$ cat my_file.csv   # CSV, C-alpha atoms (C1' of nucleotides)
chain,number,residue,atom,x,y,z
A,753,MET,CA,229.3,23.5,105.5
A,754,LYS,CA,230.4,22.2,108.9
A,755,SER,CA,228.3,22.4,112.0
A,756,VAL,CA,228.7,25.3,114.4
A,757,ASP,CA,230.4,22.9,116.8
A,758,GLN,CA,232.9,21.8,114.2
A,759,LEU,CA,233.6,25.3,113.3
A,760,THR,CA,234.1,26.1,117.0
A,761,GLU,CA,236.7,23.4,117.3
A,762,GLU,CA,238.4,24.5,114.1
A,763,PHE,CA,238.7,28.1,115.2
A,764,ARG,CA,240.2,27.0,118.6
A,765,ALA,CA,242.6,24.7,116.8
A,766,ASN,CA,243.8,27.7,114.7
A,767,GLY,CA,244.3,29.7,117.9
A,768,LEU,CA,241.2,31.9,117.2
A,769,LYS,CA,238.8,32.6,120.0
A,770,VAL,CA,235.2,31.7,119.7
A,771,THR,CA,233.3,34.8,120.5
A,772,PRO,CA,229.6,35.3,120.5
A,773,GLN,CA,229.9,37.4,117.4
A,774,ARG,CA,231.6,34.6,115.6
A,775,GLN,CA,229.2,32.1,116.8
A,776,SER,CA,226.3,34.2,115.6
A,777,ILE,CA,228.0,34.4,112.2
A,778,PHE,CA,228.5,30.6,112.2
A,779,ARG,CA,224.8,30.1,112.8
A,780,ALA,CA,223.8,32.6,110.1
A,781,LEU,CA,225.8,30.7,107.6
A,782,SER,CA,225.1,27.1,108.6
A,783,GLY,CA,221.4,27.6,108.4
A,784,SER,CA,220.7,27.0,104.7
A,785,SER,CA,222.5,26.9,101.5
A,786,VAL,CA,222.4,30.5,100.5
A,787,HIS,CA,225.1,32.7,99.0
A,788,PRO,CA,224.9,35.8,101.1
A,789,THR,CA,226.9,38.9,100.7
A,790,ALA,CA,228.8,40.2,103.6
A,791,GLU,CA,226.1,42.8,104.0
A,792,ALA,CA,223.4,40.1,104.1
A,793,VAL,CA,225.3,38.2,106.8
A,794,TYR,CA,225.7,41.5,108.7
A,795,ALA,CA,221.9,42.1,108.5
A,796,LEU,CA,221.2,38.6,109.8
A,797,VAL,CA,223.6,38.8,112.7
A,798,SER,CA,222.6,42.3,113.6
A,799,ALA,CA,219.1,41.1,114.3
A,800,GLU,CA,220.3,39.2,117.3
A,801,MET,CA,223.4,41.3,118.1
A,802,PRO,CA,222.7,44.9,117.2
A,803,THR,CA,226.1,46.2,118.1
A,804,ILE,CA,228.2,44.0,115.9
A,805,SER,CA,230.2,45.9,113.4
A,806,LEU,CA,230.4,45.3,109.7
A,807,ARG,CA,234.1,45.2,110.1
A,808,THR,CA,233.9,42.1,112.3
A,809,VAL,CA,231.7,40.3,109.9
A,810,TYR,CA,234.1,40.9,107.1
A,811,GLN,CA,236.9,39.8,109.3
A,812,THR,CA,235.3,36.5,110.4
A,813,LEU,CA,234.1,35.7,106.8
A,814,ASN,CA,237.7,36.1,105.6
A,815,ASP,CA,239.0,34.0,108.4
A,816,LEU,CA,236.6,31.3,107.5
A,817,ALA,CA,237.5,31.6,103.8
A,818,SER,CA,241.2,31.3,104.5
A,819,MET,CA,240.6,28.3,106.6
A,820,GLY,CA,238.8,26.8,103.7
A,821,GLU,CA,235.4,26.5,105.5
A,822,LEU,CA,233.9,28.9,103.0
A,823,SER,CA,234.5,29.9,99.5
A,824,SER,CA,234.0,33.3,98.1
A,825,LEU,CA,232.3,33.8,94.8
A,826,ASP,CA,232.6,36.7,92.5
A,827,ILE,CA,230.0,36.4,89.8
A,828,GLY,CA,230.0,40.0,88.6
A,829,SER,CA,227.4,41.4,90.8
A,830,GLY,CA,229.7,43.9,92.4
A,831,SER,CA,229.9,42.4,95.8
A,832,THR,CA,231.5,39.2,96.9
A,833,ARG,CA,229.2,36.4,97.9
A,834,PHE,CA,230.2,33.7,100.4
A,835,ASP,CA,229.4,30.1,99.7
A,836,PRO,CA,229.2,27.8,102.7
A,837,ASN,CA,228.7,24.8,100.4
A,838,LEU,CA,232.1,23.0,100.3
A,839,GLU,CA,231.2,20.2,97.9
A,840,PRO,CA,232.2,20.8,94.3
A,841,HIS,CA,229.3,22.4,92.5
A,842,HIS,CA,228.3,25.0,90.0
A,843,HIS,CA,226.0,27.9,89.9
A,844,LEU,CA,222.9,29.2,88.3
A,845,VAL,CA,222.7,33.0,88.3
A,846,CYS,CA,219.6,35.1,87.6
A,847,THR,CA,220.7,38.0,85.5
A,848,SER,CA,217.7,40.0,86.6
A,849,CYS,CA,217.5,39.7,90.4
A,850,GLY,CA,220.9,38.3,91.3
A,851,ARG,CA,219.6,35.1,92.8
A,852,ILE,CA,222.0,32.2,92.9
A,853,ASP,CA,221.1,28.6,92.9
A,854,ASP,CA,223.5,25.7,93.4
A,855,VAL,CA,223.9,23.1,90.7
A,856,HIS,CA,225.1,19.7,91.9
A,857,THR,CA,225.1,18.1,88.5
A,858,VAL,CA,228.4,16.6,87.6
A,859,PHE,CA,229.6,17.2,84.1
A,860,PRO,CA,232.0,14.4,83.2
A,861,GLY,CA,233.0,15.8,79.8
A,862,VAL,CA,234.3,19.1,81.1
A,863,ASP,CA,238.0,18.4,81.1
A,864,LEU,CA,240.4,20.6,79.2
A,865,PRO,CA,242.4,18.7,76.6
A,866,ALA,CA,246.1,19.1,77.2
A,867,ALA,CA,246.4,20.8,73.8
A,868,SER,CA,244.2,23.6,75.0
A,869,ALA,CA,245.6,23.9,78.4
A,870,ALA,CA,248.8,25.6,77.2
A,871,GLY,CA,250.8,24.5,80.2
A,872,PHE,CA,248.2,25.6,82.7
A,873,GLN,CA,247.9,23.5,85.8
A,874,ILE,CA,244.2,23.6,86.3
A,875,THR,CA,243.0,23.5,89.9
A,876,ALA,CA,239.3,24.4,89.6
A,877,THR,CA,236.6,24.4,87.0
A,878,GLU,CA,233.6,26.6,87.5
A,879,ILE,CA,230.5,26.6,85.4
A,880,VAL,CA,228.1,29.5,85.6
A,881,PHE,CA,224.7,29.3,84.0
A,882,ARG,CA,223.1,32.6,83.5
A,883,GLY,CA,219.5,33.3,82.8
A,884,ARG,CA,216.3,34.5,84.3
A,885,CYS,CA,214.8,32.7,87.2
A,886,ALA,CA,211.2,31.6,87.3
A,887,ASP,CA,210.1,34.6,89.3
A,888,CYS,CA,211.8,37.1,87.0
A,889,ALA,CA,210.8,35.3,83.8
A,890,SER,CA,207.1,34.9,84.7
A,891,PRO,CA,204.7,37.5,83.2
A,892,ALA,CA,203.4,38.4,86.6
A,893,THR,CA,205.2,41.4,87.9
A,894,ARG,CA,207.3,40.1,90.7
A,895,SER,CA,210.5,41.3,92.3
A,896,GLN,CA,212.6,42.7,89.5
A,897,GLN,CA,215.1,44.6,91.7
A,898,PRO,CA,218.4,43.0,92.5
A,899,ASN,CA,218.1,41.6,95.9
A,900,THR,CA,220.6,41.9,98.7
A,901,GLY,CA,221.9,38.4,99.1
A,902,ASP,CA,219.2,36.3,100.5
A,903,THR,CA,219.3,33.9,97.5
A,904,HIS,CA,216.8,31.1,97.9
A,905,ALA,CA,218.8,28.1,97.2
B,291,MET,CA,235.9,40.9,66.6
B,292,LYS,CA,235.0,42.8,63.5
B,293,SER,CA,237.4,44.9,61.5
B,294,VAL,CA,237.9,48.6,62.1
B,295,ASP,CA,236.0,49.3,58.9
B,296,GLN,CA,233.1,47.3,60.0
B,297,LEU,CA,233.0,48.9,63.4
B,298,THR,CA,233.1,52.3,61.7
B,299,GLU,CA,230.1,51.4,59.6
B,300,GLU,CA,228.3,50.1,62.6
B,301,PHE,CA,228.9,53.2,64.7
B,302,ARG,CA,227.6,55.4,61.9
B,303,ALA,CA,224.6,53.2,61.5
B,304,ASN,CA,223.9,53.7,65.2
B,305,GLY,CA,224.2,57.5,64.8
B,306,LEU,CA,227.5,57.6,66.6
B,307,LYS,CA,230.4,59.6,65.2
B,308,VAL,CA,233.6,57.9,64.3
B,309,THR,CA,236.2,60.1,66.0
B,310,PRO,CA,240.0,59.5,66.0
B,311,GLN,CA,239.7,58.5,69.6
B,312,ARG,CA,237.2,55.8,68.8
B,313,GLN,CA,239.2,54.6,65.8
B,314,SER,CA,242.2,54.3,68.0
B,315,ILE,CA,240.3,52.2,70.5
B,316,PHE,CA,239.0,50.1,67.7
B,317,ARG,CA,242.6,49.4,66.5
B,318,ALA,CA,243.7,48.6,70.0
B,319,LEU,CA,241.0,46.0,70.4
B,320,SER,CA,241.1,44.4,67.0
B,321,GLY,CA,244.8,43.7,67.1
B,322,SER,CA,244.8,40.4,68.9
B,323,SER,CA,242.6,38.3,71.1
B,324,VAL,CA,243.5,39.8,74.4
B,325,HIS,CA,241.2,40.5,77.3
B,326,PRO,CA,242.3,44.0,78.3
B,327,THR,CA,241.0,46.0,81.2
B,328,ALA,CA,239.8,49.5,80.5
B,329,GLU,CA,243.0,50.8,82.0
B,330,ALA,CA,245.0,48.6,79.6
B,331,VAL,CA,243.1,50.0,76.6
B,332,TYR,CA,243.7,53.4,77.9
B,333,ALA,CA,247.4,52.8,78.1
B,334,LEU,CA,247.6,51.5,74.6
B,335,VAL,CA,245.6,54.4,73.1
B,336,SER,CA,247.4,56.9,75.2
B,337,ALA,CA,250.6,55.9,73.4
B,338,GLU,CA,249.4,57.3,70.1
B,339,MET,CA,247.0,59.9,71.5
B,340,PRO,CA,248.3,61.2,74.8
B,341,THR,CA,245.4,63.6,75.5
B,342,ILE,CA,242.6,61.0,75.4
B,343,SER,CA,240.8,60.8,78.7
B,344,LEU,CA,240.0,57.6,80.5
B,345,ARG,CA,236.4,58.7,80.5
B,346,THR,CA,236.3,58.5,76.8
B,347,VAL,CA,237.7,55.0,76.8
B,348,TYR,CA,235.1,53.8,79.2
B,349,GLN,CA,232.5,55.4,77.2
B,350,THR,CA,233.5,53.9,73.9
B,351,LEU,CA,234.0,50.5,75.5
B,352,ASN,CA,230.5,50.6,76.9
B,353,ASP,CA,229.2,51.7,73.6
B,354,LEU,CA,230.8,48.7,71.9
B,355,ALA,CA,229.5,46.4,74.6
B,356,SER,CA,225.9,47.6,74.3
B,357,MET,CA,226.2,47.2,70.5
B,358,GLY,CA,227.2,43.6,71.1
B,359,GLU,CA,230.6,44.1,69.5
B,360,LEU,CA,232.3,43.3,72.7
B,361,SER,CA,231.5,41.4,75.8
B,362,SER,CA,232.6,42.3,79.3
B,363,LEU,CA,234.0,39.7,81.6
B,364,ASP,CA,234.1,39.8,85.3
B,365,ILE,CA,236.4,37.1,86.5
B,366,GLY,CA,236.8,38.3,90.0
B,367,SER,CA,240.0,40.2,89.5
B,368,GLY,CA,238.5,43.5,90.6
B,369,SER,CA,238.3,45.2,87.2
B,370,THR,CA,236.1,44.4,84.2
B,371,ARG,CA,237.9,42.9,81.2
B,372,PHE,CA,236.7,43.4,77.7
B,373,ASP,CA,236.6,40.5,75.3
B,374,PRO,CA,236.6,41.3,71.6
B,375,ASN,CA,236.1,37.6,70.7
B,376,LEU,CA,232.5,37.2,69.8
B,377,GLU,CA,232.4,33.5,69.2
B,378,PRO,CA,231.2,31.4,72.1
B,379,HIS,CA,234.1,30.3,74.1
B,380,HIS,CA,235.4,29.7,77.6
B,381,HIS,CA,238.3,31.0,79.7
B,382,LEU,CA,241.4,29.8,81.4
B,383,VAL,CA,242.4,32.1,84.2
B,384,CYS,CA,245.8,32.1,85.9
B,385,THR,CA,245.2,32.6,89.6
B,386,SER,CA,248.7,33.9,90.0
B,387,CYS,CA,249.2,36.5,87.4
B,388,GLY,CA,245.7,37.1,86.1
B,389,ARG,CA,246.4,36.0,82.6
B,390,ILE,CA,243.4,34.9,80.6
B,391,ASP,CA,243.5,32.5,77.7
B,392,ASP,CA,240.6,31.6,75.4
B,393,VAL,CA,239.3,28.1,75.3
B,394,HIS,CA,237.5,27.2,72.1
B,395,THR,CA,236.8,23.7,73.0
B,396,VAL,CA,233.1,22.8,72.8
B,397,PHE,CA,231.7,20.8,75.7
B,398,PRO,CA,228.6,19.0,74.4
B,399,GLY,CA,227.6,17.6,77.7
B,400,VAL,CA,227.2,20.9,79.5
B,401,ASP,CA,223.4,21.3,79.5
B,402,LEU,CA,221.5,21.7,82.6
B,403,PRO,CA,218.8,19.1,83.1
B,404,ALA,CA,215.4,20.6,83.4
B,405,ALA,CA,215.1,19.2,86.9
B,406,SER,CA,218.1,21.3,88.0
B,407,ALA,CA,217.1,24.4,86.2
B,408,ALA,CA,214.3,25.2,88.6
B,409,GLY,CA,212.4,27.3,86.1
B,410,PHE,CA,215.5,29.2,85.0
B,411,GLN,CA,215.6,30.2,81.4
B,412,ILE,CA,219.3,29.8,80.7
B,413,THR,CA,220.8,32.2,78.2
B,414,ALA,CA,224.5,31.7,78.7
B,415,THR,CA,226.9,29.1,80.0
B,416,GLU,CA,230.3,30.2,81.0
B,417,ILE,CA,233.1,27.8,82.0
B,418,VAL,CA,236.1,29.2,83.8
B,419,PHE,CA,239.1,27.0,84.3
B,420,ARG,CA,241.4,28.3,87.0
B,421,GLY,CA,245.0,27.3,87.6
B,422,ARG,CA,248.5,28.4,87.2
B,423,CYS,CA,249.8,29.3,83.8
B,424,ALA,CA,253.1,27.8,82.5
B,425,ASP,CA,255.1,30.8,83.5
B,426,CYS,CA,253.8,31.0,87.0
B,427,ALA,CA,254.0,27.2,87.6
B,428,SER,CA,257.5,26.8,86.3
B,429,PRO,CA,260.2,26.6,89.0
B,430,ALA,CA,262.1,29.5,87.4
B,431,THR,CA,261.2,32.7,89.0
B,432,ARG,CA,259.2,34.6,86.5
B,433,SER,CA,256.5,37.3,86.7
B,434,GLN,CA,254.5,36.5,89.8
B,435,GLN,CA,252.8,39.9,90.0
B,436,PRO,CA,249.3,40.3,88.7
B,437,ASN,CA,249.6,42.0,85.3
B,438,THR,CA,247.6,44.8,84.1
B,439,GLY,CA,245.6,43.4,81.3
B,440,ASP,CA,247.9,42.5,78.5
B,441,THR,CA,246.9,38.8,78.6
B,442,HIS,CA,248.7,36.8,76.0
B,443,ALA,CA,246.0,34.9,74.4
C,223,DT,C1',239.6,32.6,140.1
C,224,DT,C1',242.5,35.4,137.9
C,225,DG,C1',245.4,37.2,134.3
C,226,DT,C1',246.6,37.8,129.6
C,227,DC,C1',246.2,38.5,125.2
C,228,DG,C1',243.2,38.5,121.4
C,229,DA,C1',238.7,40.3,119.7
C,230,DT,C1',235.5,43.8,119.2
C,231,DC,C1',234.0,48.4,119.1
C,232,DA,C1',233.1,53.2,117.0
C,233,DG,C1',234.3,56.0,113.6
C,234,DC,C1',236.7,57.7,110.1
C,235,DA,C1',239.4,57.3,105.9
C,236,DA,C1',241.5,55.3,102.0
C,237,DG,C1',241.7,52.7,97.9
C,238,DA,C1',240.1,50.8,93.6
C,239,DA,C1',236.9,50.8,89.7
C,240,DC,C1',233.7,53.2,87.5
C,241,DT,C1',230.3,56.9,86.5
C,242,DG,C1',228.2,61.6,86.7
C,243,DC,C1',228.4,66.5,86.0
C,244,DC,C1',230.0,70.9,83.9
C,245,DG,C1',231.0,74.4,80.5
C,246,DA,C1',233.8,74.9,76.7
C,247,DT,C1',235.8,73.7,72.4
C,248,DA,C1',236.9,70.8,68.5
C,249,DG,C1',235.5,68.3,64.7
C,250,DA,C1',232.5,64.6,62.2
C,251,DG,C1',228.9,64.2,59.0
C,252,DT,C1',225.3,66.4,56.2
D,1420,DA,C1',229.3,75.9,56.1
D,1421,DC,C1',226.7,74.6,59.9
D,1422,DT,C1',225.0,71.8,63.4
D,1423,DC,C1',225.1,68.6,66.8
D,1424,DT,C1',227.8,65.3,69.1
D,1425,DA,C1',232.1,63.9,71.2
D,1426,DT,C1',235.8,65.0,73.9
D,1427,DC,C1',238.2,67.5,77.1
D,1428,DG,C1',239.8,68.6,82.1
D,1429,DG,C1',238.9,68.1,86.4
D,1430,DC,C1',236.6,67.0,90.2
D,1431,DA,C1',233.3,64.6,93.0
D,1432,DG,C1',230.3,60.7,94.1
D,1433,DT,C1',229.3,55.8,94.5
D,1434,DT,C1',230.0,51.0,96.1
D,1435,DC,C1',232.6,47.5,98.3
D,1436,DT,C1',236.2,46.4,101.2
D,1437,DT,C1',240.0,47.1,104.2
D,1438,DG,C1',243.2,49.9,107.2
D,1439,DC,C1',243.9,52.5,111.4
D,1440,DT,C1',243.5,53.8,116.4
D,1441,DG,C1',242.9,53.4,121.3
D,1442,DA,C1',239.9,51.7,124.6
D,1443,DT,C1',237.3,48.0,126.5
D,1444,DC,C1',235.5,43.5,126.8
D,1445,DG,C1',235.8,38.7,127.5
D,1446,DA,C1',237.5,33.8,126.0
D,1447,DC,C1',240.5,30.7,127.5
D,1448,DA,C1',244.3,28.8,130.0
D,1449,DA,C1',247.1,28.6,134.2
$ encode --input "my_file.csv" --output "structure tokens"
Amino acid sequence: MKSVDQLTEEFRANGLKVTPQRQSIFRALSGSSVHPTAEAVYALVSAEMPTISLRTVYQTLNDLASMGELSSLDIGSGSTRFDPNLEPHHHLVCTSCGRIDDVHTVFPGVDLPAASAAGFQITATEIVFRGRCADCASPATRSQQPNTGDTHA
Amino acid sequence: MKSVDQLTEEFRANGLKVTPQRQSIFRALSGSSVHPTAEAVYALVSAEMPTISLRTVYQTLNDLASMGELSSLDIGSGSTRFDPNLEPHHHLVCTSCGRIDDVHTVFPGVDLPAASAAGFQITATEIVFRGRCADCASPATRSQQPNTGDTHA
DNA sequence: TTGTCGATCAGCAAGAACTGCCGATAGAGT
DNA sequence: ACTCTATCGGCAGTTCTTGCTGATCGACAA
């Protein structure tokens, strides 16, 4: 995703103010390529700004998403995850702990023949690989509980 | 999906009773290859059995899913959809009206290189094509509202 | 520097989708 | 015929997300 400075510019250009809360959310997102839930972002930001409300986090996340600086994923885990990675890519989801990895492999063959498209105008192709991640698949007893969004990508 | 008779056998084999409610749900599902929500199944079954409870529909749908006679889809539309089609296939989702079509095309190239799998043991690969269906894309003003589960597949 | 208007806050509630609980009754299968 | 399961109504709880309100804070422009 873009840098904090770029996001600052972009918010101003859209007439949105760049508040400390929003800056903190920007930093939380631009750090690494995770796929946090809103709650996870809230937890991160709360550490340095304890009075921020969950409401504000949702608000800013949605602002970012509608500006196209973020995409939201729904991979069936109940809660929406936010993906700061703007490049086209796919996902690898652990069915056991909920961890999500990015897959940057390009699959050239995945185009729908016109015959199958039935008049659809396709705008996006998402591939989700599901399985068990190394931690969950290993015999050693590790974290088997669904985590809360800090996916190690 | 299997025939109503086969499902009846299978339920009995699992020690589950074949009640009129369940039979009606079987019929509602085995008709065509739609991807109904639980509410949609409820609506269908209610037509011929007005006293059935939504609770029972969820129950039976989950029974079928855990017996592997049905798979549940979460395409980010809020509610779970149930897919009676057991063959491996992919989906075409209209971002405008929520319609879901099946895609039976096989994509041979879609295997994740070991390098990208990061220790994941992949058990399923789902491809979702998103776009606008013919009805929603056409200039003529048609149904633009999200429908309730009666996807024409 | 000052003023304005947007952002944030707390806190509560609603909404959707789904599941749990209960006692009572109907009915499937043996 | 009998037993045990399924279903019923009906309500409440859960989780995730958004709406509302009025007051205050502060970013940004004049």
$ interface_residues --input "my_file.csv" --of "chain A" --to "chain C" --cutoff "9 Å" --atoms "all atoms listed in the file" --output "VMD selection string"
chain A and resid 768 to 769 771 773 803 to 805 808
$ interface_residues --input "my_file.csv" --of "chain D" --to "chain A" --cutoff "10 Å" --atoms "only C-alpha atoms (C1' of nucleotides)" --output "list in words"
DT1434, DC1435, DT1436, DT1437, DG1445, DA1446 and DC1447 of chain D
$ write_last_selection --input "my_file.csv" --atoms "C-alpha atoms (C1' of nucleotides)" --output "compact mmCIF listing (two decimals), keeping the file's coordinate frame"
# COMPACT_ATOMS: atom_id res chain seq x y z
C1' DT D 1434 230.00 51.00 96.10
C1' DC D 1435 232.60 47.50 98.30
C1' DT D 1436 236.20 46.40 101.20
C1' DT D 1437 240.00 47.10 104.20
C1' DG D 1445 235.80 38.70 127.50
C1' DA D 1446 237.50 33.80 126.00
C1' DC D 1447 240.50 30.70 127.50
$ residues_around --input "my_file.csv" --residues "A:Glu878" --least-positions-apart "6" --cutoff "9 Å" --atoms "all atoms listed in the file" --output "list of chain:residue names"
A:His841, A:His842, A:His843, B:Glu416, B:Ile417, B:Val418, B:Phe419, B:Arg420
$ atom_distance --input "my_file.csv" --atom1 "atom CA of B:Val383" --atom2 "atom CA of A:Cys849"
26.8 Å
$ closest_atom_pairs --input "my_file.csv" --of "chain A" --to "chain B" --cutoff "12 Å" --atoms "all atoms listed in the file" --output "Markdown table"
| residue | atom | partner | partner_atom | distance |
| --- | --- | --- | --- | --- |
| A:Ser824 | CA | B:Gly366 | CA | 9.9 |
| A:Leu825 | CA | B:Gly366 | CA | 8.0 |
| A:Asp826 | CA | B:Gly366 | CA | 5.1 |
| A:Ile827 | CA | B:Asp364 | CA | 7.0 |
| A:Gly828 | CA | B:Asp364 | CA | 5.3 |
| A:Ser829 | CA | B:Asp364 | CA | 8.8 |
| A:Gly830 | CA | B:Gly368 | CA | 9.0 |
| A:Ser831 | CA | B:Gly366 | CA | 9.9 |
| A:Thr832 | CA | B:Gly366 | CA | 8.7 |
| A:Arg833 | CA | B:Gly366 | CA | 11.1 |
| A:His842 | CA | B:Ile417 | CA | 9.7 |
| A:His843 | CA | B:Thr415 | CA | 10.0 |
| A:Leu844 | CA | B:Ala407 | CA | 7.8 |
| A:Val845 | CA | B:Phe410 | CA | 8.8 |
| A:Cys846 | CA | B:Phe410 | CA | 7.6 |
| A:Thr847 | CA | B:Thr413 | CA | 9.3 |
| A:Ser848 | CA | B:Phe410 | CA | 11.1 |
| A:Cys849 | CA | B:Phe410 | CA | 12.0 |
| A:Arg851 | CA | B:Phe410 | CA | 10.6 |
| A:Ile852 | CA | B:Phe410 | CA | 10.7 |
| A:Asp853 | CA | B:Ala408 | CA | 8.7 |
| A:Asp854 | CA | B:Ser406 | CA | 8.8 |
| A:Val855 | CA | B:Ser406 | CA | 6.6 |
| A:His856 | CA | B:Ser406 | CA | 8.2 |
| A:Thr857 | CA | B:Ser406 | CA | 7.7 |
| A:Val858 | CA | B:Val400 | CA | 9.2 |
| A:Phe859 | CA | B:Val400 | CA | 6.4 |
| A:Pro860 | CA | B:Gly399 | CA | 7.7 |
| A:Gly861 | CA | B:Gly399 | CA | 6.1 |
| A:Val862 | CA | B:Phe397 | CA | 6.2 |
| A:Asp863 | CA | B:Phe397 | CA | 8.6 |
| A:Leu864 | CA | B:Thr395 | CA | 7.8 |
| A:Pro865 | CA | B:Thr395 | CA | 8.3 |
| A:Ala866 | CA | B:Thr395 | CA | 11.2 |
| A:Ala867 | CA | B:Thr395 | CA | 10.1 |
| A:Ser868 | CA | B:Val393 | CA | 6.7 |
| A:Ala869 | CA | B:Leu382 | CA | 7.8 |
| A:Ala870 | CA | B:Ala424 | CA | 7.2 |
| A:Gly871 | CA | B:Ala424 | CA | 4.6 |
| A:Phe872 | CA | B:Cys423 | CA | 4.2 |
| A:Gln873 | CA | B:Gly421 | CA | 5.1 |
| A:Ile874 | CA | B:Gly421 | CA | 4.0 |
| A:Thr875 | CA | B:Gly421 | CA | 4.9 |
| A:Ala876 | CA | B:Arg420 | CA | 5.1 |
| A:Thr877 | CA | B:Phe419 | CA | 4.5 |
| A:Glu878 | CA | B:Val418 | CA | 5.2 |
| A:Ile879 | CA | B:Ile417 | CA | 4.4 |
| A:Val880 | CA | B:Glu416 | CA | 5.1 |
| A:Phe881 | CA | B:Thr415 | CA | 4.6 |
| A:Arg882 | CA | B:Ala414 | CA | 5.1 |
| A:Gly883 | CA | B:Ile412 | CA | 4.1 |
| A:Arg884 | CA | B:Gln411 | CA | 5.2 |
| A:Cys885 | CA | B:Phe410 | CA | 4.2 |
| A:Ala886 | CA | B:Gly409 | CA | 4.6 |
| A:Asp887 | CA | B:Gly409 | CA | 8.3 |
| A:Cys888 | CA | B:Phe410 | CA | 8.9 |
| A:Ala889 | CA | B:Gln411 | CA | 7.4 |
| A:Ser890 | CA | B:Gly409 | CA | 9.4 |
| A:His904 | CA | B:Ala408 | CA | 11.3 |
| A:Ala905 | CA | B:Ala408 | CA | 10.1 |
$ residues_around --input "my_file.csv" --residues "A:Gln775" --least-positions-apart "4" --cutoff "9 Å" --atoms "all atoms listed in the file" --output "number ranges by chain"
A: 756, 759-760, 770-771, 779-780
$ atom_distance --input "my_file.csv" --atom1 "atom CA of B:Val324" --atom2 "atom CA of B:Glu377"
13.8 Å
$ closest_residue --input "my_file.csv" --among "B:Gly305, B:Ala333, B:Glu359, B:Pro340" --to "B:Pro374" --atoms "only C-alpha atoms"
B:Glu359
$ residues_around --input "my_file.csv" --residues "B:Asp373" --least-positions-apart "3" --cutoff "9 Å" --atoms "only C-alpha atoms (C1' of nucleotides)" --output "mmCIF file with C-alpha atoms, in the frame of the given file"
data_model
loop_
_atom_site.group_PDB
_atom_site.id
_atom_site.type_symbol
_atom_site.label_atom_id
_atom_site.label_comp_id
_atom_site.auth_asym_id
_atom_site.auth_seq_id
_atom_site.Cartn_x
_atom_site.Cartn_y
_atom_site.Cartn_z
ATOM 1 C CA MET B 291 235.900 40.900 66.600
ATOM 2 C CA LEU B 319 241.000 46.000 70.400
ATOM 3 C CA SER B 323 242.600 38.300 71.100
ATOM 4 C CA VAL B 324 243.500 39.800 74.400
ATOM 5 C CA HIS B 325 241.200 40.500 77.300
ATOM 6 C CA PRO B 326 242.300 44.000 78.300
ATOM 7 C CA LEU B 360 232.300 43.300 72.700
ATOM 8 C CA SER B 361 231.500 41.400 75.800
ATOM 9 C CA SER B 362 232.600 42.300 79.300
ATOM 10 C CA LEU B 363 234.000 39.700 81.600
ATOM 11 C CA LEU B 376 232.500 37.200 69.800
#
$ atom_distance --input "my_file.csv" --atom1 "atom CA of A:Val793" --atom2 "atom C1' of D:DG1441"
27.4 Å
$ closest_residue --input "my_file.csv" --among "B:Val335, B:Leu344, B:Ala303, B:Leu354" --to "D:DT1426" --atoms "all atoms listed in the file"
B:Leu344
